[in-house]
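Engineer: This is the structure I want to talk about, given as structure tokens.
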Amino acid sequence: MTIESTLSEFFGAWSNLNVDRIMDFFADDAVFHNVPLEPAIGKHEIRSTIDRLLGGLLKGVTRIKMEVLRTVSSGGIIFDERIDSFGVNGQWISLPVAGVFEITPDGKIGAWRDYFDLETFMRQIR
């Protein structure tokens, strides 16, 4: 399995809103950082962050689509440019994102950093 295929499966778990499956992709000591928000460190904090997103800002989400526009990888690092879209309360919210993933030798996500403009997101959910 390539690191690119791991990422593709990971995004598929998001599209199915399967938090248990999403968590399977993370190393125990992983870091998830939605820049400009605070990072979540370790699987417990990552799970809490995802649950808060889906139960808070994205409450009512019924679908998630992560459309990868470009991917570059080197070693265990993947950079991607995406459009993340969320079906919430009958409307789509879309957000341009640049992501950086660090994949461990055993194929787990050791770090995930997404860079985006929070105001672009907030304008759409108001």
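Residues are named by chain letter and number: chains run A, B, ... in the order of the structure tokens, numbers start at 1 in each chain, and ligands are numbered from 1 in the order shown.
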Please extract the residues of chain A with a backbone DSSP assignment of strand (DSSP E or B) and present them as a PyMOL selection string.

Structural biologist: chain A and resi 26-35+40-41+61-74+77-88+91-103+109-115

Engineer: For Phe86 of chain A, please output as a PDB file with N, CA and C atoms, in the first residue's frame all residues within 6 Å (counting only C-alpha atoms; exclusion window: fewer than 5 positions along the same chain).

Structural biologist:
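Contents of part-v6.pdb, as written:
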```
ATOM      1  N   ARG A  63     -22.892  14.699   4.874  1.00  0.00           N
ATOM      2  CA  ARG A  63     -21.921  14.233   3.875  1.00  0.00           C
ATOM      3  C   ARG A  63     -20.662  15.074   3.960  1.00  0.00           C
ATOM      4  N   ILE A  64     -19.537  14.415   3.678  1.00  0.00           N
ATOM      5  CA  ILE A  64     -18.251  15.100   3.586  1.00  0.00           C
ATOM      6  C   ILE A  64     -17.565  14.606   2.326  1.00  0.00           C
ATOM      7  N   TRP A  92     -24.252  22.990   0.920  1.00  0.00           N
ATOM      8  CA  TRP A  92     -22.843  22.621   0.877  1.00  0.00           C
ATOM      9  C   TRP A  92     -21.999  23.785   1.372  1.00  0.00           C
ATOM     10  N   ILE A  93     -21.036  23.469   2.218  1.00  0.00           N
ATOM     11  CA  ILE A  93     -20.022  24.409   2.674  1.00  0.00           C
ATOM     12  C   ILE A  93     -18.701  23.887   2.120  1.00  0.00           C
TER      13      ILE A  93
END
```

Engineer: Rounded to one decimal place, report the atom CA of Ala13 of chain A-atom CA of Arg123 of chain A distance in Å.

Structural biologist: 26.4 Å

Engineer: Which segment 80-126 of chain A residues have any atom within 12 Å of an atom of segment 46-55 of chain A, and for each, what is the nearest pair of atoms with distance in Å to one decimal, counting only C-alpha atoms, rows sorted by chain and number, as JSON lines?

Structural biologist:
```
{"residue": "A:Phe86", "atom": "CA", "partner": "A:Leu54", "partner_atom": "CA", "distance": 10.3}
{"residue": "A:Gly87", "atom": "CA", "partner": "A:Leu54", "partner_atom": "CA", "distance": 11.4}
{"residue": "A:Val88", "atom": "CA", "partner": "A:Leu54", "partner_atom": "CA", "distance": 10.2}
{"residue": "A:Ile109", "atom": "CA", "partner": "A:Ile46", "partner_atom": "CA", "distance": 11.7}
{"residue": "A:Gly110", "atom": "CA", "partner": "A:Ile46", "partner_atom": "CA", "distance": 11.7}
{"residue": "A:Ala111", "atom": "CA", "partner": "A:Ile46", "partner_atom": "CA", "distance": 10.8}
{"residue": "A:Trp112", "atom": "CA", "partner": "A:Ile46", "partner_atom": "CA", "distance": 10.4}
```

Engineer: Can you tell me, as a list in words, what residues are no more than 12 Å from Trp14 of chain A when counting only C-alpha atoms, ignoring any on the same chain fewer than 2 positions away?

Structural biologist: Leu7, Ser8, Glu9, Phe10, Phe11, Gly12, Asn16, Leu17, Asn18, Val19, Asp20, Arg21, Ile22, Met23, Asp24, Phe25, Ile50, Leu54, Val61, Thr62, Arg63, Ile64, Lys65, Met66, Glu67, Asp84, Ser85 and Phe86 of chain A

Engineer: Determine which residues of segment 4-112 of chain A DSSP labels as helix (DSSP H, G or I) from the backbone of this structure, then write them out as a VMD selection string.

Structural biologist: chain A and resid 4 to 15 19 to 24 43 to 55

Engineer: Work out how far atom CA of Leu95 of chain A is from atom CA of Thr120 of chain A, in Å to one decimal.

Structural biologist: 6.9 Å

Engineer: Just how far from atom CA of Arg70 of chain A is atom CA of Leu118 of chain A, in Å to one decimal?

Structural biologist: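 Taking atom CA of Leu118 of chain A as the start and atom CA of Arg70 of chain A as the end point, the length is 21.2 Å.
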
Engineer: Could you tell me which of A:Lys108, A:Arg126, A:Arg113, A:Lys59 comes closest to Ala27 of chain A if we count only C-alpha atoms?

Structural biologist: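 Closest to Ala27 of chain A of all the choices is A:Lys108.
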
Engineer: Leaving out Arg82 of chain A and any residue of its chain fewer than 3 positions from it, which residues lie within 7 Å of it when counting only C-alpha atoms, given as a list in words?

Structural biologist: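 Here the answer would be Met66, Glu67, Val68, Leu69, Pro96, Val97 and Ala98 of chain A.
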
Engineer: Would you save the residues from that selection as a PDB file, in the first residue's frame, using C-alpha atoms?

Structural biologist:
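Output contents, as saved in out30.pdb:
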```pdb
ATOM      1  CA  MET A  66     -12.531  15.787   0.236  1.00  0.00           C
ATOM      2  CA  GLU A  67     -11.580  16.504  -3.358  1.00  0.00           C
ATOM      3  CA  VAL A  68      -7.828  16.280  -3.851  1.00  0.00           C
ATOM      4  CA  LEU A  69      -6.666  18.681  -6.557  1.00  0.00           C
ATOM      5  CA  PRO A  96      -9.951  25.350   0.058  1.00  0.00           C
ATOM      6  CA  VAL A  97      -7.327  23.532   2.143  1.00  0.00           C
ATOM      7  CA  ALA A  98      -3.603  22.828   1.952  1.00  0.00           C
TER       8      ALA A  98
END
```
